[in-house]
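A.B. asks: My structure is stored as structure_9.txt, with compact mmCIF, C-alpha atoms and all ligand atoms.
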# COMPACT_ATOMS: atom_id res chain seq x y z
CA MET A 5 -17.15 -93.42 87.17
CA SER A 6 -19.30 -93.49 83.99
CA ASP A 7 -18.25 -95.65 81.05
CA ASP A 8 -17.42 -92.52 79.06
CA ALA A 9 -15.23 -91.12 81.82
CA ALA A 10 -13.40 -94.45 82.18
CA LEU A 11 -12.82 -94.67 78.43
CA LEU A 12 -11.56 -91.08 78.30
CA ARG A 13 -9.13 -91.79 81.13
CA GLN A 14 -7.85 -94.88 79.38
CA ALA A 15 -7.45 -93.01 76.07
CA ALA A 16 -5.68 -90.08 77.73
CA ALA A 17 -3.30 -92.47 79.54
CA ARG A 18 -2.36 -94.18 76.23
CA HIS A 19 -2.00 -90.72 74.66
CA ALA A 20 0.30 -89.52 77.46
CA ALA A 21 2.38 -92.72 77.05
CA GLY A 22 2.91 -91.85 73.37
CA ALA A 23 0.76 -94.73 72.04
CA LEU A 24 -0.95 -92.43 69.55
CA GLU A 25 -2.66 -95.06 67.42
CA GLU A 26 -4.21 -96.80 70.40
CA ALA A 27 -5.29 -93.47 71.90
CA GLU A 28 -6.81 -92.40 68.58
CA ALA A 29 -8.87 -95.58 68.37
CA LEU A 30 -10.12 -95.12 71.95
CA TYR A 31 -11.08 -91.46 71.37
CA ALA A 32 -12.90 -92.50 68.20
CA GLN A 33 -14.75 -95.22 70.12
CA LEU A 34 -15.83 -92.70 72.74
CA LEU A 35 -16.88 -90.11 70.16
CA ALA A 36 -18.89 -92.72 68.26
CA ARG A 37 -21.18 -93.05 71.28
CA SER A 38 -20.84 -89.52 72.70
CA PRO A 39 -20.10 -87.21 69.74
CA ASP A 40 -20.35 -84.09 71.91
CA ASP A 41 -17.71 -85.07 74.45
CA ALA A 42 -15.66 -81.86 74.35
CA ASN A 43 -12.67 -83.36 76.18
CA ALA A 44 -12.41 -86.22 73.72
CA LEU A 45 -12.77 -83.82 70.77
CA ASN A 46 -10.02 -81.58 72.12
CA LEU A 47 -7.69 -84.45 72.96
CA LEU A 48 -8.17 -86.12 69.58
CA GLY A 49 -7.51 -82.72 67.96
CA THR A 50 -4.35 -82.38 70.06
CA LEU A 51 -3.23 -85.83 68.94
CA HIS A 52 -3.63 -84.83 65.28
CA ARG A 53 -1.74 -81.62 65.99
CA GLN A 54 1.12 -83.64 67.47
CA ARG A 55 1.29 -85.54 64.20
CA GLY A 56 1.35 -82.28 62.24
CA GLU A 57 -2.18 -82.93 60.86
CA LEU A 58 -3.53 -79.45 61.47
CA ALA A 59 -6.33 -79.71 58.92
CA ARG A 60 -7.75 -82.60 60.97
CA ALA A 61 -6.92 -81.05 64.35
CA LEU A 62 -8.57 -77.67 63.92
CA PRO A 63 -12.21 -78.71 63.29
CA LEU A 64 -12.13 -81.04 66.31
CA ILE A 65 -10.71 -78.41 68.67
CA ARG A 66 -13.08 -75.78 67.25
CA ARG A 67 -16.01 -78.05 68.02
CA ALA A 68 -14.80 -78.46 71.60
CA VAL A 69 -14.70 -74.65 71.91
CA THR A 70 -18.18 -74.32 70.40
CA LEU A 71 -19.54 -76.84 72.89
CA ARG A 72 -17.78 -75.27 75.90
CA PRO A 73 -16.93 -71.67 74.89
CA GLU A 74 -15.92 -70.65 78.39
CA ALA A 75 -13.39 -73.43 79.01
CA PRO A 76 -9.87 -71.93 78.95
CA VAL A 77 -8.22 -75.28 78.20
CA PHE A 78 -10.04 -75.55 74.85
CA LEU A 79 -9.42 -71.91 73.97
CA ALA A 80 -5.72 -72.32 74.73
CA SER A 81 -5.59 -75.48 72.66
CA LEU A 82 -7.33 -73.72 69.74
CA GLY A 83 -4.93 -70.77 70.02
CA GLY A 84 -1.90 -73.05 69.91
CA ALA A 85 -3.22 -74.97 66.90
CA LEU A 86 -4.16 -71.79 65.02
CA ALA A 87 -0.70 -70.33 65.65
CA GLU A 88 0.87 -73.48 64.30
CA ALA A 89 -1.34 -73.22 61.20
CA GLY A 90 -0.08 -69.67 60.66
CA GLU A 91 -3.46 -68.10 61.49
CA LEU A 92 -1.85 -65.68 63.89
CA GLU A 93 -4.60 -63.10 64.41
CA PRO A 94 -7.31 -65.59 65.44
CA ALA A 95 -4.64 -67.42 67.45
CA VAL A 96 -3.93 -64.26 69.45
CA ALA A 97 -7.67 -63.74 70.05
CA ALA A 98 -8.17 -67.33 71.29
CA LEU A 99 -5.07 -67.22 73.50
CA ARG A 100 -6.10 -63.88 75.01
CA ALA A 101 -9.56 -65.31 75.73
CA ALA A 102 -7.98 -68.36 77.38
CA LEU A 103 -5.64 -66.21 79.48
CA ALA A 104 -8.48 -63.92 80.58
CA ARG A 105 -10.00 -67.01 82.24
CA ARG A 106 -6.75 -68.68 83.34
CA PRO A 107 -3.94 -66.09 83.53
CA ASP A 108 -1.27 -68.50 84.78
CA ASP A 109 -1.16 -70.83 81.79
CA ALA A 110 2.58 -70.68 80.97
CA VAL A 111 2.19 -72.51 77.64
CA ALA A 112 -0.59 -70.18 76.47
CA LEU A 113 1.51 -67.17 77.51
CA ARG A 114 4.46 -68.44 75.48
CA ASN A 115 2.27 -69.23 72.48
CA LEU A 116 0.74 -65.75 72.70
CA GLY A 117 4.18 -64.11 72.84
CA GLN A 118 5.44 -66.08 69.87
CA ALA A 119 2.29 -65.39 67.82
CA LEU A 120 2.65 -61.66 68.52
CA CYS A 121 6.30 -61.82 67.41
CA GLY A 122 5.17 -63.55 64.22
CA LEU A 123 2.81 -60.63 63.63
CA GLY A 124 5.73 -58.20 64.01
CA GLN A 125 4.48 -57.02 67.43
CA ALA A 126 7.58 -57.91 69.44
CA ARG A 127 6.99 -55.15 72.02
CA ALA A 128 3.54 -56.52 72.84
CA ALA A 129 5.06 -60.01 73.15
CA LEU A 130 7.34 -59.01 76.01
CA ALA A 131 4.74 -58.96 78.81
CA PRO A 132 3.29 -62.45 78.17
CA LEU A 133 6.76 -63.92 77.63
CA ARG A 134 8.12 -62.33 80.82
CA GLN A 135 5.18 -63.84 82.68
CA ALA A 136 5.82 -67.25 81.08
CA VAL A 137 9.43 -67.07 82.28
CA LYS A 138 8.26 -66.18 85.78
CA LEU A 139 5.82 -69.10 85.90
CA ALA A 140 8.36 -71.65 84.63
CA PRO A 141 11.62 -70.39 86.14
CA HIS A 142 13.50 -73.63 85.46
CA ALA A 143 12.56 -73.98 81.78
CA ALA A 144 15.00 -72.77 79.12
CA GLU A 145 12.50 -72.48 76.21
CA PRO A 146 10.47 -69.51 77.54
CA LYS A 147 13.72 -67.65 78.24
CA LEU A 148 14.89 -68.28 74.70
CA ALA A 149 11.54 -67.10 73.30
CA LEU A 150 11.79 -63.95 75.44
CA ALA A 151 15.39 -63.41 74.32
CA HIS A 152 14.28 -63.53 70.65
CA ALA A 153 11.39 -61.13 71.30
CA CYS A 154 13.67 -58.72 73.19
CA ARG A 155 16.14 -58.74 70.29
CA GLU A 156 13.34 -57.98 67.85
CA ALA A 157 11.97 -55.24 70.13
CA GLY A 158 15.44 -53.67 70.50
CA ALA A 159 15.66 -54.52 74.22
CA LEU A 160 19.19 -55.84 73.78
CA PRO A 161 20.46 -56.03 77.40
CA GLU A 162 17.42 -58.15 78.36
CA ALA A 163 17.89 -60.27 75.21
CA ILE A 164 21.46 -61.01 76.29
CA ARG A 165 20.43 -61.70 79.90
CA MET A 166 17.70 -64.11 78.81
CA ALA A 167 19.86 -65.97 76.27
CA GLU A 168 22.52 -66.35 78.99
CA ALA A 169 19.88 -67.52 81.46
CA ALA A 170 18.65 -70.12 78.94
CA LEU A 171 22.18 -71.51 78.94
CA ALA A 172 22.79 -71.18 82.65
CA ARG A 173 20.90 -74.20 83.95
CA PRO A 174 22.75 -77.46 83.79
CA GLY A 175 21.80 -79.66 80.86
CA PRO A 176 19.44 -77.57 78.72
CA ASP A 177 18.28 -79.39 75.61
CA PRO A 178 21.31 -79.21 73.23
CA ALA A 179 19.13 -77.68 70.49
CA VAL A 180 17.96 -74.91 72.86
CA ALA A 181 21.55 -74.33 74.00
CA ALA A 182 22.79 -74.07 70.39
CA GLN A 183 20.06 -71.54 69.62
CA ALA A 184 20.88 -69.48 72.71
CA ARG A 185 24.56 -69.43 71.70
CA PHE A 186 23.61 -68.44 68.14
CA LEU A 187 21.52 -65.55 69.46
CA LEU A 188 24.35 -64.44 71.76
CA ALA A 189 26.72 -64.53 68.77
CA ALA A 190 24.33 -62.32 66.79
CA LEU A 191 24.32 -59.94 69.76
CA GLY A 192 28.13 -59.91 69.82
CA ARG A 193 28.36 -61.86 73.10
CA ALA A 194 29.60 -65.25 71.88
CA PRO A 195 31.94 -66.47 69.16
CA MET A 196 30.24 -66.55 65.76
CA PRO A 197 29.33 -70.14 64.88
CA GLU A 198 30.06 -71.44 61.38
CA ARG A 199 26.39 -71.94 60.65
CA ALA A 200 22.91 -71.37 62.03
CA PRO A 201 21.89 -74.38 64.17
CA ALA A 202 19.86 -76.80 62.06
CA ALA A 203 17.14 -77.04 64.73
CA TYR A 204 16.79 -73.25 64.74
CA VAL A 205 16.38 -73.13 60.95
CA ARG A 206 13.92 -76.03 60.99
CA ASP A 207 11.77 -74.51 63.76
CA LEU A 208 11.89 -71.06 62.19
CA PHE A 209 10.64 -72.32 58.83
CA ASP A 210 8.21 -74.83 60.30
CA GLN A 211 6.54 -71.90 62.06
CA TYR A 212 6.79 -69.68 59.01
CA ALA A 213 5.61 -72.23 56.40
CA PRO A 214 1.89 -71.35 56.31
CA ARG A 215 2.63 -67.62 55.83
CA PHE A 216 5.89 -67.80 53.92
CA GLU A 217 4.75 -67.26 50.34
CA ALA A 218 2.28 -64.47 51.04
CA ASP A 219 4.81 -62.69 53.27
CA LEU A 220 7.82 -63.06 51.00
CA THR A 221 6.26 -62.21 47.68
CA GLY A 222 4.01 -59.52 49.21
CA ARG A 223 5.39 -57.57 52.15
CA LEU A 224 9.05 -58.47 51.59
CA GLY A 225 9.19 -58.04 47.79
CA TYR A 226 11.10 -61.31 47.35
CA ARG A 227 12.01 -62.14 43.75
CA THR A 228 15.25 -64.12 44.00
CA PRO A 229 13.91 -67.28 42.27
CA ALA A 230 12.83 -65.31 39.19
CA ALA A 231 16.12 -63.36 39.20
CA LEU A 232 18.14 -66.60 39.34
CA ALA A 233 16.13 -68.05 36.43
CA GLU A 234 16.79 -64.83 34.49
CA LEU A 235 20.53 -65.17 35.13
CA LEU A 236 20.40 -68.72 33.71
CA ARG A 237 18.53 -67.60 30.57
CA ASP A 238 20.78 -64.57 30.07
CA SER A 239 23.80 -66.89 30.30
CA GLY A 240 22.52 -68.97 27.40
CA ILE A 241 21.05 -71.87 29.40
CA ALA A 242 17.84 -72.76 27.59
CA ALA A 243 14.65 -73.45 29.49
CA ALA A 244 14.49 -76.71 27.57
CA ALA A 245 13.49 -79.17 30.30
CA ALA A 246 16.80 -80.95 29.76
CA LEU A 247 18.60 -80.88 33.14
CA ASP A 248 18.53 -82.95 36.32
CA VAL A 249 18.05 -80.19 38.87
CA LEU A 250 18.34 -80.12 42.67
CA ASP A 251 16.69 -77.22 44.51
CA LEU A 252 18.60 -76.89 47.81
CA GLY A 253 16.52 -75.35 50.60
CA CYS A 254 13.50 -75.51 48.32
CA GLY A 255 11.18 -74.09 50.99
CA THR A 256 7.59 -73.92 49.77
CA GLY A 257 8.75 -74.35 46.17
CA LEU A 258 8.86 -70.76 44.89
CA SER A 259 12.35 -71.57 43.61
CA GLY A 260 11.17 -74.90 42.15
CA VAL A 261 8.51 -73.16 40.10
CA ALA A 262 11.18 -70.84 38.64
CA LEU A 263 13.58 -73.73 37.94
CA ALA A 264 11.02 -76.18 36.54
CA PRO A 265 11.26 -74.98 32.90
CA PHE A 266 14.98 -75.96 32.91
CA ALA A 267 14.40 -79.37 34.49
CA ARG A 268 13.94 -82.79 33.00
CA ARG A 269 13.71 -83.93 36.62
CA LEU A 270 13.50 -81.59 39.60
CA GLU A 271 14.22 -82.65 43.18
CA GLY A 272 13.90 -80.49 46.28
CA LEU A 273 15.54 -80.70 49.68
CA ASP A 274 14.86 -78.85 52.91
CA LEU A 275 15.35 -79.07 56.66
CA SER A 276 11.76 -78.09 57.40
CA PRO A 277 9.02 -80.73 57.02
CA ARG A 278 6.33 -78.05 56.96
CA MET A 279 8.03 -76.18 54.12
CA LEU A 280 8.34 -79.49 52.27
CA ALA A 281 4.62 -80.17 52.74
CA GLU A 282 3.88 -76.83 51.05
CA ALA A 283 6.42 -77.60 48.30
CA ALA A 284 4.67 -80.90 47.55
CA ARG A 285 1.54 -78.91 46.67
CA GLN A 286 3.38 -77.06 43.87
CA GLY A 287 3.43 -80.32 41.92
CA CYS A 288 6.76 -79.57 40.23
CA TYR A 289 9.08 -81.85 42.24
CA ALA A 290 9.73 -85.47 41.28
CA ALA A 291 11.17 -86.06 44.76
CA LEU A 292 11.42 -84.10 48.01
CA HIS A 293 13.98 -84.87 50.73
CA GLU A 294 13.93 -83.82 54.37
CA ALA A 295 17.64 -83.34 55.01
CA ASP A 296 20.44 -80.94 55.79
CA LEU A 297 22.17 -80.00 52.55
CA LEU A 298 25.55 -80.68 54.19
CA ASP A 299 24.50 -84.30 54.85
CA PHE A 300 22.66 -84.88 51.59
CA LEU A 301 25.15 -83.58 49.02
CA PRO A 302 28.11 -85.83 49.91
CA ARG A 303 25.80 -88.87 49.63
CA HIS A 304 24.94 -87.98 46.00
CA PRO A 305 28.18 -87.67 44.06
CA ALA A 306 27.97 -86.49 40.42
CA ALA A 307 24.17 -86.77 40.46
CA PHE A 308 22.90 -83.42 39.11
CA ASP A 309 23.35 -81.08 36.12
CA LEU A 310 22.23 -78.00 38.03
CA ILE A 311 22.10 -77.36 41.78
CA ALA A 312 20.39 -74.16 42.92
CA ALA A 313 20.11 -72.51 46.34
CA ALA A 314 17.82 -69.48 46.41
CA ASP A 315 18.11 -67.55 49.69
CA VAL A 316 19.57 -70.55 51.53
CA LEU A 317 23.33 -70.07 51.89
CA ASN A 318 22.67 -67.14 54.21
CA TYR A 319 21.98 -69.69 56.96
CA LEU A 320 25.59 -70.84 56.63
CA GLY A 321 28.58 -68.71 57.59
CA ASP A 322 31.57 -70.71 56.42
CA LEU A 323 30.56 -71.70 52.89
CA ALA A 324 33.63 -73.87 52.21
CA PRO A 325 32.01 -77.22 53.21
CA ALA A 326 28.74 -76.44 51.37
CA LEU A 327 30.41 -75.29 48.15
CA ALA A 328 32.81 -78.25 48.10
CA ALA A 329 29.89 -80.63 48.68
CA LEU A 330 27.82 -78.88 46.03
CA ARG A 331 30.64 -79.21 43.50
CA GLY A 332 30.93 -82.92 44.33
CA ALA A 333 27.23 -83.52 43.68
CA LEU A 334 27.46 -81.96 40.20
CA ARG A 335 28.15 -83.95 37.06
CA PRO A 336 31.22 -82.85 35.10
CA GLY A 337 30.53 -79.37 33.74
CA GLY A 338 27.41 -79.06 35.91
CA LEU A 339 26.11 -75.69 37.11
CA ALA A 340 25.80 -74.13 40.57
CA LEU A 341 23.34 -71.27 40.95
CA PHE A 342 22.77 -69.38 44.20
CA SER A 343 22.15 -66.10 45.96
CA VAL A 344 23.98 -64.61 48.94
CA GLU A 345 23.38 -61.51 51.01
CA LEU A 346 26.35 -59.17 50.80
CA GLY A 347 28.29 -57.77 53.72
CA GLU A 348 31.73 -57.46 55.20
CA GLY A 349 33.39 -59.50 57.87
CA GLU A 350 36.63 -61.01 58.95
CA GLY A 351 37.01 -64.41 57.35
CA GLY A 352 34.57 -63.37 54.62
CA TYR A 353 31.28 -63.48 56.52
CA ALA A 354 29.34 -61.94 59.39
CA LEU A 355 26.01 -62.50 61.12
CA GLY A 356 23.54 -59.83 59.99
CA PRO A 357 20.75 -58.26 62.06
CA GLY A 358 18.12 -60.72 60.79
CA LEU A 359 20.15 -63.71 62.11
CA ARG A 360 21.33 -64.48 58.60
CA TYR A 361 24.92 -64.49 57.44
CA ARG A 362 26.18 -61.93 54.95
CA HIS A 363 29.11 -62.79 52.74
CA ALA A 364 31.89 -60.67 51.26
CA LEU A 365 32.07 -61.06 47.50
CA PRO A 366 35.89 -61.15 47.07
CA ALA A 367 36.24 -63.94 49.66
CA LEU A 368 33.33 -65.84 48.13
CA ARG A 369 34.80 -65.61 44.62
CA ALA A 370 38.13 -66.91 45.93
CA LEU A 371 36.40 -69.76 47.76
CA CYS A 372 34.47 -70.82 44.64
CA ALA A 373 37.71 -70.91 42.62
CA GLU A 374 39.40 -72.90 45.40
CA VAL A 375 36.75 -75.64 45.44
CA GLY A 376 36.64 -75.87 41.64
CA LEU A 377 33.65 -73.75 40.65
CA ALA A 378 34.43 -71.35 37.80
CA ALA A 379 32.44 -68.13 37.42
CA VAL A 380 29.96 -68.05 34.51
CA ALA A 381 27.93 -65.00 35.51
CA GLU A 382 27.40 -62.79 38.51
CA ARG A 383 24.86 -60.08 39.18
CA ARG A 384 24.18 -57.76 42.08
CA ASP A 385 20.56 -57.32 43.00
CA VAL A 386 18.20 -56.25 45.77
CA LEU A 387 16.99 -59.58 47.17
CA ARG A 388 14.12 -58.38 49.36
CA LEU A 389 13.27 -55.84 52.03
CA GLU A 390 14.22 -56.15 55.70
CA GLN A 391 12.36 -53.76 58.00
CA GLY A 392 11.65 -51.66 54.91
CA SER A 393 15.29 -51.46 53.77
CA PRO A 394 16.62 -53.19 50.65
CA VAL A 395 18.87 -56.19 51.25
CA GLN A 396 21.80 -56.12 48.81
CA GLY A 397 22.81 -59.45 47.41
CA ALA A 398 24.64 -61.23 44.67
CA LEU A 399 23.40 -63.91 42.28
CA MET A 400 26.11 -66.32 41.13
CA LEU A 401 26.23 -68.88 38.34
CA LEU A 402 29.28 -71.15 38.27
CA ARG A 403 30.38 -74.20 36.35
CA GLN A 404 32.14 -77.24 37.75
CA ALA A 405 35.74 -76.79 36.64
C1 LIG A 501 14.25 -68.31 52.76
S1 LIG A 501 13.82 -69.95 52.42
C2 LIG A 501 13.97 -70.01 50.65
C3 LIG A 501 13.09 -71.08 50.06
C4 LIG A 501 13.14 -71.19 48.53
N1 LIG A 501 14.45 -71.54 48.05
C5 LIG A 501 12.67 -69.91 47.88
O1 LIG A 501 13.45 -69.30 47.16
O2 LIG A 501 11.51 -69.53 48.10
C6 LIG A 501 15.24 -70.85 52.97
C7 LIG A 501 14.99 -72.35 53.08
O3 LIG A 501 16.25 -73.01 53.21
C8 LIG A 501 16.13 -74.06 54.13
N2 LIG A 501 17.47 -74.34 54.67
C9 LIG A 501 18.29 -73.47 55.31
N3 LIG A 501 19.44 -74.08 55.64
C10 LIG A 501 19.34 -75.36 55.17
C11 LIG A 501 20.22 -76.50 55.21
N4 LIG A 501 21.41 -76.45 55.80
N5 LIG A 501 19.80 -77.66 54.64
C12 LIG A 501 18.58 -77.73 54.04
N6 LIG A 501 17.71 -76.69 53.99
C13 LIG A 501 18.09 -75.53 54.55
C14 LIG A 501 15.14 -73.53 55.15
O4 LIG A 501 14.52 -74.57 55.88
C15 LIG A 501 14.16 -72.75 54.28
O5 LIG A 501 13.06 -73.51 53.87
Rewrite the coordinates I just gave you, this time as structure tokens.
C.D. replies:
Amino acid sequence: MSDDAALLRQAAARHAAGALEEAEALYAQLLARSPDDANALNLLGTLHRQRGELARALPLIRRAVTLRPEAPVFLASLGGALAEAGELEPAVAALRAALARRPDDAVALRNLGQALCGLGQARAALAPLRQAVKLAPHAAEPKLALAHACREAGALPEAIRMAEAALARPGPDPAVAAQARFLLAALGRAPMPERAPAAYVRDLFDQYAPRFEADLTGRLGYRTPAALAELLRDSGIAAAAALDVLDLGCGTGLSGVALAPFARRLEGLDLSPRMLAEAARQGCYAALHEADLLDFLPRHPAAFDLIAAADVLNYLGDLAPALAALRGALRPGGLALFSVELGEGEGGYALGPGLRYRHALPALRALCAEVGLAAVAERRDVLRLEQGSPVQGALMLLRQA
């Protein structure tokens, strides 16, 4: 075996054992003497991708593809990295090229299906995802991905079958099982959970982060942050940079930008590390926290003058714990500001078609009063479009009573 081959083997073994720093150093050593080693370039790129460093991963994997354009392994790797970076069209092209050369790559098939779903082409996603399920019959994840695609494509019986199959094997990953149950609940086949599983929300927004702002403000006509800021101003709260503000579910920071004029200090919190990385670029947050709002709020009693949640509470069904925790994190007389999607439902909420909860206004008003949040202002508004139809919502401003 040549020295290069031995070094690559050693690096790949450390990599597979999870010793990323050691593996990185060994790949770098190999590339210093053989800069055109396509395997080392691809593996080092993969290592950066594992760490979430896509800006470092992509040029390395691209170079591997340039050096060996026919190798399906590099094309598949490039497709996966592009999809993760939100570059879905080139991702689909790379994955299709990889699969043309190696049709039985179950991971590439799943990545292709998920990228097509992200592009709104759920019907086209079904064939690759069905094939991925066939190739990995014991794995729950491809079944869950197919179940989601079927739901989006309107193939509901298959969506139910696949979500049930994802649950059927003994011991699926608890996060996968919770997501399958959530999907079954949305399809009316399981009891409605009190909230969307945290892992589902995190994965959803991690995948969405690179495209979120363009999609929301463009295609989906999203203007909730500006509407919430308007409600504050119209209620006599001056944009005087005087308040300690917490932006719950801050996402990429669209809401932070709208809240910043009111804030002496603005903090953001989100479940999704990728959304938080985008939010950091806005430059308006003094601190960003990766946390579930239900864990964070009780640990910060009486800490904020204003707590806002723009388009966030729709990932929670039962709002009692969140609103009580929110009240507890406010200083005396502090303000709560949030949006909800409106709907009906026993117990005051129901799971809507987009896997978000919709809340009934009378029940929500009663709940706010119960936890000690007194109404200051309320406004009905169209929050955004969903499959071309307006989503009716309410904007609420309340004061700690
Ligand atoms: C639709 S985005 C809205 C982002 C931002 N507020 C805006 O208006 O652009 C919803 C965000 O809430 C976050 N989120 C949902 N449930 C959460 C929870 N329980 N704890 C923390 N963040 C949550 C998601 O990760 C996502 O980034």
A.B. asks: Please enclose the listed atoms of ligand LIG 501 (chain A) in an axis-aligned box, pad each side by 8 Å, and write out the centre and the three edge lengths in Å, rounded to one decimal, as lines of an AutoDock Vina configuration file.
C.D. replies:
center_x = 16.5
center_y = -73.0
center_z = 51.5
size_x = 25.9
size_y = 25.4
size_z = 24.7
A.B. asks: Which residue out of A:Pro197, A:Gly260, A:Gly337, A:Pro305 has the minimum interatomic distance to ligand LIG 501 (chain A) when all atoms listed in the file are used?
C.D. replies: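 Between A:Pro197, A:Gly260, A:Gly337, A:Pro305, the residue approaching ligand LIG 501 (chain A) most closely is A:Gly260.
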A.B. asks: With all atoms listed in the file as the atoms that count, which of A:Leu35, A:Leu275, A:Leu330, A:Ala163 lies nearest to Val205 in chain A?
C.D. replies: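 Of the candidates, the smallest distance to Val205 in chain A is held by A:Leu275.
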A.B. asks: Find the residue from A:Cys288, A:Ala151, A:Leu297, A:Ala398 that sits nearest to ligand LIG 501 (chain A); use all atoms listed in the file when measuring.
C.D. replies: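 Result for the nearest residue to ligand LIG 501 (chain A): A:Leu297.
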A.B. asks: Fewer than 5 positions away in the same chain doesn't count, so skip those; otherwise give me all residues within 7 Å of Val386 in chain A, counting only C-alpha atoms, as number ranges by chain.
C.D. replies: A: 394-397
A.B. asks: Would you please work out which residue, of A:Ala213, A:Ala367, A:Val380, A:Leu58, is nearest to Gly255 in chain A when using all atoms listed in the file?
C.D. replies: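 The closest residue to Gly255 in chain A is A:Ala213.
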A.B. asks: How would you write, as number ranges by chain, the set of residues no farther than 7 Å from ligand LIG 501 (chain A) when counting all atoms listed in the file?
C.D. replies: A: 202, 205-206, 209, 228-229, 252-259, 273-276, 279, 295-298, 313-317, 319
A.B. asks: As a list in words, please: the residues near range 375-378 of chain A (cut-off 6 Å, all atoms listed in the file, same-chain neighbours under 4 positions excluded).
C.D. replies: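 Here the qualifying residues turn out to be Ala328, Leu402, Arg403, Gln404 and Ala405 of chain A.
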A.B. asks: Nearest to Tyr226 in chain A among A:Asn46, A:Val249, A:Leu389, A:Leu401, with distances taken over all atoms listed in the file: which residue is it?
C.D. replies: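 Nearest to Tyr226 in chain A: A:Leu389.
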A.B. asks: Applying 7 Å and only C-alpha atoms, which residues near range 240-246 of chain A remain after dropping the ones on its own chain fewer than 6 positions away? List them as an mmCIF file with C-alpha atoms, keeping the file's coordinate frame.
C.D. replies:
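What landed in out19.cif:
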data_model
loop_
_atom_site.group_PDB
_atom_site.id
_atom_site.type_symbol
_atom_site.label_atom_id
_atom_site.label_comp_id
_atom_site.auth_asym_id
_atom_site.auth_seq_id
_atom_site.Cartn_x
_atom_site.Cartn_y
_atom_site.Cartn_z
ATOM 1 C CA PRO A 265 11.260 -74.980 32.900
ATOM 2 C CA PHE A 266 14.980 -75.960 32.910
ATOM 3 C CA ALA A 267 14.400 -79.370 34.490
ATOM 4 C CA ARG A 268 13.940 -82.790 33.000
#
A.B. asks: Check the smallest atom-to-atom distance from each of A:Ala68, A:Ala381, A:Val77, A:Ala61 to Asp238 in chain A using all atoms listed in the file, then report the winner.
C.D. replies: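 Of A:Ala68, A:Ala381, A:Val77, A:Ala61, the one nearest Asp238 in chain A, counting all atoms listed in the file, is A:Ala381.
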A.B. asks: Provide the CA of Ala129 in chain A to CA of Ala149 in chain A distance in Å, to one decimal place.
C.D. replies: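 It comes out at 9.6 Å.
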A.B. asks: Would you kindly return, as a PyMOL selection string, each protein, DNA or RNA residue with an atom no farther than 10 Å from any atom of Gly332 in chain A, considering only C-alpha atoms and excluding same-chain residues fewer than 2 positions away?
C.D. replies: chain A and resi 301-308+326-330+334-336+338+375-376+404
A.B. asks: For range 93-180 of chain A versus range 352-357 of chain A, which residues have an atom no more than 12 Å away, and what is each residue's nearest atom pair and distance in Å rounded to one decimal, using all atoms listed in the file, chain-then-number order, as JSON lines?
C.D. replies:
{"residue": "A:His152", "atom": "CA", "partner": "A:Pro357", "partner_atom": "CA", "distance": 12.0}
{"residue": "A:Arg155", "atom": "CA", "partner": "A:Pro357", "partner_atom": "CA", "distance": 9.4}
{"residue": "A:Glu156", "atom": "CA", "partner": "A:Pro357", "partner_atom": "CA", "distance": 9.4}
{"residue": "A:Gly158", "atom": "CA", "partner": "A:Pro357", "partner_atom": "CA", "distance": 11.0}
A.B. asks: Excluding Leu160 in chain A and residues on its chain fewer than 4 positions from it, collect all residues at most 12 Å away from it, counting only C-alpha atoms, and give them as a list in words.
C.D. replies: Leu150, Ala151, His152, Ala153, Cys154, Arg155, Glu156, Ile164, Arg165, Met166, Ala167, Leu187, Leu188, Ala190, Leu191, Gly192 and Arg193 of chain A
A.B. asks: Could you tell me how far CA of Leu387 in chain A lies from CA of Glu345 in chain A, in Å and to one decimal?
C.D. replies: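 Separation between CA of Leu387 in chain A and CA of Glu345 in chain A: 7.7 Å.
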A.B. asks: Around (-13.1, -96.1, 78.6) in the file's frame, which residues reach within 12 Å when counting only C-alpha atoms? Return as number ranges by chain?
C.D. replies: A: 5-18, 27, 29-35, 37-38, 44
